[in-house]
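Next up, protein-v3.cif (mmCIF, C-alpha atoms and all ligand atoms):
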```cif
data_work
#
loop_
_atom_site.label_atom_id
_atom_site.label_comp_id
_atom_site.auth_asym_id
_atom_site.auth_seq_id
_atom_site.Cartn_x
_atom_site.Cartn_y
_atom_site.Cartn_z
CA MET A 1 -22.00 18.47 -13.41
CA THR A 2 -18.55 18.99 -11.91
CA ARG A 3 -15.38 17.81 -13.63
CA TRP A 4 -15.06 15.22 -10.86
CA GLY A 5 -18.58 13.99 -11.43
CA ARG A 6 -18.16 13.72 -15.18
CA GLN A 7 -14.93 11.78 -14.92
CA THR A 8 -16.25 9.28 -12.40
CA LEU A 9 -19.48 8.56 -14.25
CA VAL A 10 -19.24 4.91 -15.20
CA GLU A 11 -22.44 3.00 -15.77
CA GLU A 12 -22.54 -0.52 -14.51
CA ARG A 13 -25.25 -3.18 -14.69
CA ALA A 14 -25.39 -6.84 -13.74
CA ILE A 15 -25.44 -9.30 -16.65
CA ARG A 16 -26.29 -12.55 -14.90
CA PRO A 17 -25.82 -14.03 -11.44
CA ALA A 18 -22.35 -15.31 -10.60
CA ALA A 19 -21.49 -18.86 -9.72
CA ARG A 20 -20.65 -19.45 -6.07
CA GLY A 21 -17.25 -18.00 -5.16
CA CYS A 22 -17.11 -15.81 -8.28
CA ALA A 23 -17.87 -12.16 -8.85
CA ASP A 24 -21.07 -11.18 -10.64
CA PRO A 25 -20.35 -10.37 -14.27
CA VAL A 26 -21.19 -6.74 -14.99
CA ALA A 27 -21.31 -4.48 -18.03
CA LEU A 28 -19.39 -1.22 -17.78
CA ARG A 29 -19.88 1.88 -19.87
CA LEU A 30 -16.91 4.23 -19.70
CA PRO A 31 -17.40 8.01 -19.83
CA ASP A 32 -16.47 7.96 -23.56
CA GLY A 33 -19.28 5.45 -24.23
CA THR A 34 -17.07 2.38 -24.63
CA GLU A 35 -18.67 -0.78 -23.28
CA LEU A 36 -16.85 -3.61 -21.57
CA GLY A 37 -17.73 -6.75 -19.70
CA VAL A 38 -16.11 -7.38 -16.32
CA ARG A 39 -16.08 -10.95 -14.99
CA SER A 40 -14.15 -13.37 -12.83
CA ALA A 41 -11.07 -14.95 -14.37
CA THR A 42 -10.72 -18.70 -14.87
CA GLY A 43 -7.77 -20.88 -15.81
CA ASP A 44 -8.94 -20.69 -19.44
CA ASP A 45 -8.01 -17.00 -19.47
CA LEU A 46 -4.29 -17.75 -19.34
CA PRO A 47 -3.61 -16.87 -23.02
CA GLY A 48 -5.63 -13.64 -22.78
CA VAL A 49 -3.90 -12.54 -19.60
CA ALA A 50 -0.49 -13.43 -21.02
CA ASP A 51 -1.38 -11.25 -24.02
CA LEU A 52 -2.42 -8.41 -21.68
CA HIS A 53 1.02 -8.53 -20.03
CA GLU A 54 2.78 -8.69 -23.41
CA ARG A 55 0.93 -5.60 -24.60
CA CYS A 56 1.63 -3.57 -21.47
CA SER A 57 4.71 -1.39 -21.33
CA ALA A 58 7.61 -2.43 -19.10
CA ARG A 59 6.78 0.60 -16.93
CA SER A 60 3.21 -0.54 -16.37
CA ARG A 61 4.33 -4.07 -15.52
CA ASN A 62 6.99 -2.68 -13.25
CA ARG A 63 4.45 -0.54 -11.43
CA ARG A 64 2.12 -3.49 -11.05
CA TYR A 65 4.71 -6.01 -9.87
CA HIS A 66 7.20 -3.61 -8.26
CA GLY A 67 10.17 -4.57 -10.37
CA GLY A 68 9.16 -8.03 -11.48
CA SER A 69 8.40 -6.92 -15.00
CA ALA A 70 10.20 -9.75 -16.78
CA ARG A 71 8.33 -12.51 -18.63
CA PHE A 72 5.68 -14.28 -16.59
CA ALA A 73 5.77 -17.98 -15.97
CA PRO A 74 2.39 -19.57 -16.82
CA ALA A 75 2.27 -21.09 -13.32
CA ARG A 76 2.52 -17.62 -11.74
CA LEU A 77 -0.18 -16.19 -13.98
CA ARG A 78 -2.41 -19.17 -13.30
CA ARG A 79 -2.13 -18.55 -9.54
CA LEU A 80 -3.19 -14.95 -10.17
CA LEU A 81 -6.19 -16.09 -12.21
CA GLU A 82 -7.60 -18.46 -9.62
CA PRO A 83 -6.51 -17.18 -6.21
CA ALA A 84 -7.19 -19.45 -3.24
CA ARG A 85 -8.64 -16.48 -1.30
CA GLY A 86 -9.98 -13.57 -3.28
CA VAL A 87 -11.04 -12.87 -6.79
CA THR A 88 -9.49 -11.77 -10.08
CA LEU A 89 -11.57 -9.62 -12.39
CA LEU A 90 -10.90 -9.27 -16.11
CA ALA A 91 -12.24 -6.61 -18.47
CA ASN A 92 -13.07 -7.42 -22.11
CA PRO A 93 -14.38 -4.87 -24.59
CA THR A 94 -17.74 -5.90 -26.04
CA GLY A 95 -18.32 -6.53 -29.74
CA PHE A 96 -15.92 -9.47 -30.05
CA SER A 97 -16.76 -13.14 -30.23
CA PRO A 98 -16.16 -14.70 -26.79
CA LEU A 99 -12.91 -16.40 -27.81
CA ALA A 100 -11.50 -13.36 -29.60
CA ALA A 101 -12.22 -10.68 -26.98
CA PRO A 102 -8.92 -9.30 -25.69
CA VAL A 103 -8.30 -8.87 -21.97
CA VAL A 104 -7.57 -5.17 -21.53
CA ALA A 105 -7.35 -5.01 -17.73
CA MET A 106 -6.97 -7.23 -14.69
CA ALA A 107 -7.90 -6.44 -11.10
CA ASN A 108 -6.75 -8.68 -8.24
CA LEU A 109 -8.13 -9.04 -4.75
CA LEU A 110 -6.17 -11.28 -2.39
CA GLY A 111 -7.37 -11.88 1.16
CA GLU A 112 -5.25 -12.47 4.24
CA GLY A 113 -6.90 -12.45 7.64
CA ASP A 114 -9.12 -9.39 8.02
CA THR A 115 -7.41 -7.50 5.22
CA ALA A 116 -7.44 -7.85 1.47
CA GLU A 117 -4.84 -6.58 -0.97
CA ALA A 118 -5.82 -5.03 -4.27
CA ALA A 119 -3.81 -4.46 -7.43
CA LEU A 120 -4.66 -3.30 -10.95
CA LEU A 121 -3.18 -3.57 -14.42
CA VAL A 122 -4.81 -1.66 -17.29
CA ARG A 123 -3.35 -2.06 -20.79
CA ASP A 124 -1.50 1.14 -21.71
CA ASP A 125 -3.76 1.98 -24.66
CA TRP A 126 -6.80 1.68 -22.33
CA GLN A 127 -5.48 3.89 -19.56
CA ARG A 128 -6.94 7.31 -18.64
CA ARG A 129 -10.47 6.37 -19.71
CA GLY A 130 -11.92 5.59 -16.30
CA LEU A 131 -11.38 1.82 -16.40
CA GLY A 132 -8.90 1.63 -13.50
CA SER A 133 -11.23 3.66 -11.26
CA ALA A 134 -14.21 1.48 -12.17
CA LEU A 135 -12.29 -1.73 -11.45
CA LEU A 136 -11.00 -0.43 -8.13
CA ARG A 137 -14.54 0.42 -7.06
CA ARG A 138 -15.55 -3.10 -8.04
CA LEU A 139 -12.73 -4.57 -5.92
CA VAL A 140 -13.78 -2.44 -2.95
CA TRP A 141 -17.31 -3.75 -3.34
CA GLN A 142 -16.06 -7.34 -3.63
CA ALA A 143 -13.91 -6.92 -0.51
CA GLU A 144 -16.86 -5.52 1.41
CA GLN A 145 -19.09 -8.37 0.28
CA ARG A 146 -16.47 -10.82 1.52
CA GLY A 147 -16.40 -9.12 4.91
CA TYR A 148 -12.87 -7.71 4.92
CA ALA A 149 -12.22 -4.84 7.29
CA ALA A 150 -9.67 -3.02 5.15
CA LEU A 151 -8.11 -2.95 1.72
CA ASP A 152 -4.33 -2.51 1.32
CA LEU A 153 -2.75 -1.16 -1.84
CA HIS A 154 1.03 -1.32 -2.20
CA ILE A 155 2.04 1.42 -4.59
CA GLN A 156 5.38 2.77 -5.74
CA ALA A 157 5.68 6.28 -4.38
CA GLU A 158 6.22 7.70 -7.88
CA ASN A 159 3.08 6.00 -9.24
CA ARG A 160 0.93 9.09 -9.56
CA PRO A 161 -1.78 7.47 -11.73
CA MET A 162 -2.47 4.80 -9.08
CA MET A 163 -2.38 7.35 -6.25
CA ARG A 164 -4.98 9.38 -8.14
CA THR A 165 -7.05 6.28 -8.86
CA VAL A 166 -7.21 5.50 -5.13
CA GLY A 167 -7.92 9.18 -4.45
CA ARG A 168 -11.00 8.94 -6.64
CA LEU A 169 -12.53 6.49 -4.18
CA ALA A 170 -12.89 9.54 -1.95
CA ARG A 171 -12.36 7.42 1.16
CA PRO A 172 -9.93 8.39 3.91
CA SER A 173 -6.87 6.13 3.72
CA ALA A 174 -4.03 5.50 6.14
CA VAL A 175 -0.65 6.04 4.49
CA ASN A 176 2.51 4.12 5.39
CA ARG A 177 5.75 4.65 3.54
CA ASP A 178 8.60 2.17 3.47
CA GLY A 179 11.35 3.49 1.20
CA SER A 180 9.95 3.79 -2.31
CA LEU A 181 6.82 1.79 -1.48
CA VAL A 182 3.67 3.36 -0.07
CA THR A 183 0.89 1.28 1.46
CA LEU A 184 -2.54 2.88 1.42
CA THR A 185 -5.06 1.23 3.73
CA VAL A 186 -8.67 1.92 2.86
CA PRO A 187 -11.12 1.07 5.67
CA LEU A 188 -14.14 -0.92 4.51
CA THR A 189 -17.66 -1.18 5.72
CA ALA A 190 -18.40 -4.88 5.65
CA ALA A 191 -21.72 -5.42 3.87
CA LEU A 192 -22.17 -8.95 5.18
CA PRO A 193 -21.54 -10.34 8.66
CA ARG A 194 -18.38 -12.45 8.70
CA ILE A 195 -18.91 -16.12 9.35
CA GLY A 196 -15.81 -17.84 10.69
CA ALA A 197 -14.55 -20.51 12.99
CA GLY A 198 -15.81 -18.63 16.00
CA HIS A 199 -19.34 -18.25 14.65
CA PRO A 200 -21.89 -19.10 17.34
CA LEU A 201 -23.71 -21.47 14.97
CA GLY A 202 -20.44 -23.20 14.07
CA LEU A 203 -20.90 -22.43 10.35
CA SER A 204 -17.83 -22.72 8.16
CA ALA A 205 -16.28 -19.70 6.49
CA PRO A 206 -17.54 -18.98 2.98
CA THR A 207 -15.12 -19.31 0.08
CA ARG A 208 -13.76 -15.84 -0.63
C1 LIG A 301 -2.89 2.97 -12.27
C2 LIG A 301 -3.85 2.48 -13.35
C3 LIG A 301 -4.49 1.18 -12.89
C4 LIG A 301 -4.92 3.55 -13.58
O1 LIG A 301 -5.82 3.04 -14.54
P1 LIG A 301 -6.62 4.03 -15.52
O2 LIG A 301 -7.60 3.22 -16.26
O3 LIG A 301 -5.66 4.82 -16.31
O4 LIG A 301 -7.32 4.97 -14.45
P2 LIG A 301 -8.45 6.08 -14.71
O5 LIG A 301 -8.60 6.36 -16.15
O6 LIG A 301 -9.64 5.64 -13.95
O7 LIG A 301 -7.80 7.35 -14.02
C5 LIG A 301 -7.68 7.44 -12.63
C6 LIG A 301 -6.85 8.66 -12.28
O8 LIG A 301 -5.48 8.44 -12.67
C7 LIG A 301 -5.06 9.50 -13.51
N1 LIG A 301 -4.12 8.98 -14.47
C8 LIG A 301 -4.26 7.87 -15.21
N2 LIG A 301 -3.16 7.73 -16.00
C9 LIG A 301 -2.35 8.78 -15.72
C10 LIG A 301 -1.09 9.19 -16.20
N3 LIG A 301 -0.41 8.48 -17.12
N4 LIG A 301 -0.55 10.32 -15.69
C11 LIG A 301 -1.19 11.04 -14.76
N5 LIG A 301 -2.40 10.70 -14.26
C12 LIG A 301 -2.96 9.58 -14.74
C13 LIG A 301 -6.33 9.99 -14.15
O9 LIG A 301 -6.18 11.30 -14.66
C14 LIG A 301 -7.29 9.92 -12.99
O10 LIG A 301 -7.05 10.96 -12.06
P3 LIG A 301 -7.93 12.31 -12.01
O11 LIG A 301 -9.37 11.88 -11.89
O12 LIG A 301 -7.42 12.97 -10.78
O13 LIG A 301 -7.65 13.02 -13.27
C15 LIG A 301 -3.12 2.25 -14.72
O14 LIG A 301 -2.41 3.42 -15.01
C16 LIG A 301 -2.16 1.07 -14.70
O15 LIG A 301 -2.56 -0.08 -14.93
N6 LIG A 301 -0.87 1.33 -14.42
C17 LIG A 301 0.14 0.29 -14.43
C18 LIG A 301 -0.02 -0.70 -13.29
C19 LIG A 301 -0.13 -0.04 -11.94
O16 LIG A 301 0.43 1.01 -11.67
N7 LIG A 301 -0.84 -0.72 -11.04
C20 LIG A 301 -1.01 -0.29 -9.68
C21 LIG A 301 -0.32 -1.22 -8.73
S1 LIG A 301 -1.22 -1.29 -7.19
#
```
Write-out of the structure in structure tokens:
Amino acid sequence: MTRWGRQTLVEERAIRPAARGCADPVALRLPDGTELGVRSATGDDLPGVADLHERCSARSRNRRYHGGSARFAPARLRRLLEPARGVTLLANPTGFSPLAAPVVAMANLLGEGDTAEAALLVRDDWQRRGLGSALLRRLVWQAEQRGYAALDLHIQAENRPMMRTVGRLARPSAVNRDGSLVTLTVPLTAALPRIGAGHPLGLSAPTR
């Protein structure tokens, strides 16, 4: 197996079907054997996600929020947890009781028109183990399921880890630079036909 193949080997299996509008919960096994559950966030995850932000370095928060690395107002975190359009995934290591399992990573998908935006935050002591790559692949899959045409990632130009994480998708991306911010646009292959206002059967758009 190549180095590339070894590093991207992350096992994933469905745990149980998701509720409508949520992502299917899945179990992940990282290349080092660590197992985690990945599921949709709910409002009840506020303390766990606040703890994730507390335990991240200022540099990680800065890279995630492009400068807004100060303390997070609960209202802002709550909006991230239950986005009106999109999905937020949280990763919890297994082996904890449900209430005690820490949130070690968060992945956000926010939709706008035909495009979705993705962003990741992996706790510093969980970085470089394949988790960010696995979550980004999950977000790409979620975006395709929801029928988006492209995925935008706004990344600080110096953020080499995130550039490499996107590179591991091995999909051609358009690159746009605006000062210190780079936007990578990953084209998606929609897995489901989009149903919108203009649908010939007049069906309403599904909740994304
Ligand atoms: C970017 C981030 C999500 C990557 O998560 P991760 O779990 O460390 O990613 P992986 O372990 O899957 O590694 C993915 C790639 O990044 C590289 N990488 C990860 N951390 C790195 C570091 N500190 N320095 C250099 N490369 C790094 C890995 O080596 C791998 O690349 P490779 O296959 O070419 O070797 C994580 O570093 C993070 O949360 N950073 C802070 C927030 C952030 O930058 N968010 C992005 C905003 S869009």
Using all atoms listed in the file, which residues of the polymer chains come no farther than 7 Å from ligand LIG 301 (chain A)? I'd like the answer as an mmCIF file with C-alpha atoms, keeping the file's coordinate frame.
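For reference, selection_18.cif as written:
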```cif
data_model
loop_
_atom_site.group_PDB
_atom_site.id
_atom_site.type_symbol
_atom_site.label_atom_id
_atom_site.label_comp_id
_atom_site.auth_asym_id
_atom_site.auth_seq_id
_atom_site.Cartn_x
_atom_site.Cartn_y
_atom_site.Cartn_z
ATOM 1 C CA TRP A 4 -15.060 15.220 -10.860
ATOM 2 C CA GLN A 7 -14.930 11.780 -14.920
ATOM 3 C CA SER A 60 3.210 -0.540 -16.370
ATOM 4 C CA ARG A 61 4.330 -4.070 -15.520
ATOM 5 C CA ARG A 63 4.450 -0.540 -11.430
ATOM 6 C CA ARG A 64 2.120 -3.490 -11.050
ATOM 7 C CA ALA A 118 -5.820 -5.030 -4.270
ATOM 8 C CA ALA A 119 -3.810 -4.460 -7.430
ATOM 9 C CA LEU A 120 -4.660 -3.300 -10.950
ATOM 10 C CA LEU A 121 -3.180 -3.570 -14.420
ATOM 11 C CA VAL A 122 -4.810 -1.660 -17.290
ATOM 12 C CA ARG A 123 -3.350 -2.060 -20.790
ATOM 13 C CA ASP A 124 -1.500 1.140 -21.710
ATOM 14 C CA TRP A 126 -6.800 1.680 -22.330
ATOM 15 C CA GLN A 127 -5.480 3.890 -19.560
ATOM 16 C CA ARG A 128 -6.940 7.310 -18.640
ATOM 17 C CA ARG A 129 -10.470 6.370 -19.710
ATOM 18 C CA GLY A 130 -11.920 5.590 -16.300
ATOM 19 C CA LEU A 131 -11.380 1.820 -16.400
ATOM 20 C CA GLY A 132 -8.900 1.630 -13.500
ATOM 21 C CA SER A 133 -11.230 3.660 -11.260
ATOM 22 C CA ALA A 134 -14.210 1.480 -12.170
ATOM 23 C CA LEU A 153 -2.750 -1.160 -1.840
ATOM 24 C CA HIS A 154 1.030 -1.320 -2.200
ATOM 25 C CA ILE A 155 2.040 1.420 -4.590
ATOM 26 C CA ASN A 159 3.080 6.000 -9.240
ATOM 27 C CA ARG A 160 0.930 9.090 -9.560
ATOM 28 C CA PRO A 161 -1.780 7.470 -11.730
ATOM 29 C CA MET A 162 -2.470 4.800 -9.080
ATOM 30 C CA ARG A 164 -4.980 9.380 -8.140
ATOM 31 C CA THR A 165 -7.050 6.280 -8.860
ATOM 32 C CA ARG A 168 -11.000 8.940 -6.640
#
```
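The interatomic distance for the pair CA of Arg79 (chain A) and CA of Glu112 (chain A) works out to 15.4 Å.
Here the question is which of A:Ser57, A:Thr88, A:Thr183, A:Thr94 gets nearest to Leu36 (chain A) using only C-alpha atoms, and that residue is A:Thr94.
The nearest approach to Thr189 (chain A) among the residues A:Ala174, A:Val26, A:Ala149, A:Leu52, with only C-alpha atoms taken into account, belongs to A:Ala149.
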Practice problem: Find the distance between CA of Glu82 (chain A) and CA of Gly111 (chain A) and write it in Å to one decimal. | Solution: 12.6 Å
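Candidate residues A:Pro31, A:Asp125, A:Asn92, A:Val140 were compared for distance to Asn108 (chain A), and the nearest is A:Val140, using all atoms listed in the file.
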Quiz item: For His66 (chain A), which residue among A:Leu81, A:Leu181, A:Met106, A:Ala150 is the nearest when counting all atoms listed in the file?
Solution: A:Leu181
Quiz item: Quick one: distance from CA of Ala143 (chain A) to CA of Pro93 (chain A) in Å, one decimal?
Solution: 24.2 Å
Quiz item: Taking into account all atoms listed in the file, which residue in the set A:Arg85, A:Arg171, A:Arg59, A:Arg78 is nearest to Arg137 (chain A)?
Solution: A:Arg171
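Nearest residue to Pro187 (chain A), choosing from A:Leu109, A:Ala100, A:Ala73, A:Leu151 and counting all atoms listed in the file: A:Leu151.
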With the input short on atoms, add all heavy atoms back to region 45-56 of chain A and write it as a PDB file, keeping the file's coordinate frame.
```
ATOM      1  N   ASP A  45      -8.391 -18.351 -19.049  1.00  0.00           N
ATOM      2  CA  ASP A  45      -8.010 -17.000 -19.470  1.00  0.00           C
ATOM      3  C   ASP A  45      -6.490 -16.804 -19.568  1.00  0.00           C
ATOM      4  O   ASP A  45      -6.032 -15.692 -19.834  1.00  0.00           O
ATOM      5  CB  ASP A  45      -8.576 -15.963 -18.474  1.00  0.00           C
ATOM      6  CG  ASP A  45     -10.079 -15.834 -18.607  1.00  0.00           C
ATOM      7  OD1 ASP A  45     -10.543 -15.571 -19.737  1.00  0.00           O
ATOM      8  OD2 ASP A  45     -10.789 -16.013 -17.610  1.00  0.00           O
ATOM      9  N   LEU A  46      -5.746 -17.885 -19.333  1.00  0.00           N
ATOM     10  CA  LEU A  46      -4.290 -17.750 -19.340  1.00  0.00           C
ATOM     11  C   LEU A  46      -3.753 -17.079 -20.607  1.00  0.00           C
ATOM     12  O   LEU A  46      -2.988 -16.115 -20.523  1.00  0.00           O
ATOM     13  CB  LEU A  46      -3.653 -19.125 -19.111  1.00  0.00           C
ATOM     14  CG  LEU A  46      -2.174 -19.151 -18.802  1.00  0.00           C
ATOM     15  CD1 LEU A  46      -1.847 -18.319 -17.573  1.00  0.00           C
ATOM     16  CD2 LEU A  46      -1.718 -20.588 -18.583  1.00  0.00           C
ATOM     17  N   PRO A  47      -4.160 -17.524 -21.824  1.00  0.00           N
ATOM     18  CA  PRO A  47      -3.610 -16.870 -23.020  1.00  0.00           C
ATOM     19  C   PRO A  47      -3.976 -15.380 -23.088  1.00  0.00           C
ATOM     20  O   PRO A  47      -3.138 -14.549 -23.439  1.00  0.00           O
ATOM     21  CB  PRO A  47      -4.256 -17.638 -24.181  1.00  0.00           C
ATOM     22  CG  PRO A  47      -4.713 -18.936 -23.596  1.00  0.00           C
ATOM     23  CD  PRO A  47      -5.046 -18.665 -22.171  1.00  0.00           C
ATOM     24  N   GLY A  48      -5.211 -15.047 -22.715  1.00  0.00           N
ATOM     25  CA  GLY A  48      -5.630 -13.640 -22.780  1.00  0.00           C
ATOM     26  C   GLY A  48      -4.883 -12.772 -21.791  1.00  0.00           C
ATOM     27  O   GLY A  48      -4.525 -11.623 -22.092  1.00  0.00           O
ATOM     28  N   VAL A  49      -4.612 -13.321 -20.622  1.00  0.00           N
ATOM     29  CA  VAL A  49      -3.900 -12.540 -19.600  1.00  0.00           C
ATOM     30  C   VAL A  49      -2.413 -12.442 -19.943  1.00  0.00           C
ATOM     31  O   VAL A  49      -1.771 -11.410 -19.693  1.00  0.00           O
ATOM     32  CB  VAL A  49      -4.161 -13.144 -18.210  1.00  0.00           C
ATOM     33  CG1 VAL A  49      -3.272 -12.525 -17.158  1.00  0.00           C
ATOM     34  CG2 VAL A  49      -5.626 -12.930 -17.835  1.00  0.00           C
ATOM     35  N   ALA A  50      -1.877 -13.508 -20.553  1.00  0.00           N
ATOM     36  CA  ALA A  50      -0.490 -13.430 -21.020  1.00  0.00           C
ATOM     37  C   ALA A  50      -0.376 -12.341 -22.087  1.00  0.00           C
ATOM     38  O   ALA A  50       0.560 -11.528 -22.087  1.00  0.00           O
ATOM     39  CB  ALA A  50      -0.044 -14.779 -21.571  1.00  0.00           C
ATOM     40  N   ASP A  51      -1.367 -12.275 -22.965  1.00  0.00           N
ATOM     41  CA  ASP A  51      -1.380 -11.250 -24.020  1.00  0.00           C
ATOM     42  C   ASP A  51      -1.486  -9.843 -23.412  1.00  0.00           C
ATOM     43  O   ASP A  51      -0.811  -8.916 -23.869  1.00  0.00           O
ATOM     44  CB  ASP A  51      -2.563 -11.533 -24.960  1.00  0.00           C
ATOM     45  CG  ASP A  51      -2.671 -10.507 -26.069  1.00  0.00           C
ATOM     46  OD1 ASP A  51      -1.806 -10.516 -26.955  1.00  0.00           O
ATOM     47  OD2 ASP A  51      -3.597  -9.660 -26.024  1.00  0.00           O
ATOM     48  N   LEU A  52      -2.319  -9.702 -22.370  1.00  0.00           N
ATOM     49  CA  LEU A  52      -2.420  -8.410 -21.680  1.00  0.00           C
ATOM     50  C   LEU A  52      -1.031  -7.970 -21.190  1.00  0.00           C
ATOM     51  O   LEU A  52      -0.627  -6.813 -21.393  1.00  0.00           O
ATOM     52  CB  LEU A  52      -3.384  -8.533 -20.492  1.00  0.00           C
ATOM     53  CG  LEU A  52      -3.316  -7.446 -19.423  1.00  0.00           C
ATOM     54  CD1 LEU A  52      -3.889  -6.133 -19.971  1.00  0.00           C
ATOM     55  CD2 LEU A  52      -4.091  -7.854 -18.161  1.00  0.00           C
ATOM     56  N   HIS A  53      -0.303  -8.886 -20.561  1.00  0.00           N
ATOM     57  CA  HIS A  53       1.020  -8.530 -20.030  1.00  0.00           C
ATOM     58  C   HIS A  53       1.992  -8.199 -21.159  1.00  0.00           C
ATOM     59  O   HIS A  53       2.787  -7.271 -21.043  1.00  0.00           O
ATOM     60  CB  HIS A  53       1.561  -9.670 -19.157  1.00  0.00           C
ATOM     61  CG  HIS A  53       0.894  -9.732 -17.809  1.00  0.00           C
ATOM     62  ND1 HIS A  53      -0.381 -10.213 -17.641  1.00  0.00           N
ATOM     63  CD2 HIS A  53       1.309  -9.341 -16.583  1.00  0.00           C
ATOM     64  CE1 HIS A  53      -0.710 -10.128 -16.357  1.00  0.00           C
ATOM     65  NE2 HIS A  53       0.291  -9.605 -15.697  1.00  0.00           N
ATOM     66  N   GLU A  54       1.909  -8.961 -22.262  1.00  0.00           N
ATOM     67  CA  GLU A  54       2.780  -8.690 -23.410  1.00  0.00           C
ATOM     68  C   GLU A  54       2.549  -7.290 -23.959  1.00  0.00           C
ATOM     69  O   GLU A  54       3.477  -6.608 -24.377  1.00  0.00           O
ATOM     70  CB  GLU A  54       2.499  -9.694 -24.542  1.00  0.00           C
ATOM     71  CG  GLU A  54       2.997 -11.092 -24.293  1.00  0.00           C
ATOM     72  CD  GLU A  54       4.513 -11.179 -24.343  1.00  0.00           C
ATOM     73  OE1 GLU A  54       5.123 -10.356 -25.048  1.00  0.00           O
ATOM     74  OE2 GLU A  54       5.062 -12.047 -23.641  1.00  0.00           O
ATOM     75  N   ARG A  55       1.283  -6.871 -23.972  1.00  0.00           N
ATOM     76  CA  ARG A  55       0.930  -5.600 -24.600  1.00  0.00           C
ATOM     77  C   ARG A  55       1.085  -4.413 -23.657  1.00  0.00           C
ATOM     78  O   ARG A  55       0.907  -3.265 -24.082  1.00  0.00           O
ATOM     79  CB  ARG A  55      -0.512  -5.648 -25.123  1.00  0.00           C
ATOM     80  CG  ARG A  55      -0.657  -6.542 -26.334  1.00  0.00           C
ATOM     81  CD  ARG A  55      -2.114  -6.738 -26.673  1.00  0.00           C
ATOM     82  NE  ARG A  55      -2.295  -7.735 -27.693  1.00  0.00           N
ATOM     83  CZ  ARG A  55      -2.416  -7.451 -28.992  1.00  0.00           C
ATOM     84  NH1 ARG A  55      -2.385  -6.214 -29.400  1.00  0.00           N
ATOM     85  NH2 ARG A  55      -2.592  -8.426 -29.859  1.00  0.00           N
ATOM     86  N   CYS A  56       1.370  -4.672 -22.396  1.00  0.00           N
ATOM     87  CA  CYS A  56       1.630  -3.570 -21.470  1.00  0.00           C
ATOM     88  C   CYS A  56       3.089  -3.140 -21.587  1.00  0.00           C
ATOM     89  O   CYS A  56       3.963  -3.957 -21.877  1.00  0.00           O
ATOM     90  CB  CYS A  56       1.349  -4.009 -20.032  1.00  0.00           C
ATOM     91  SG  CYS A  56      -0.392  -3.955 -19.603  1.00  0.00           S
TER      92      CYS A  56
END
```
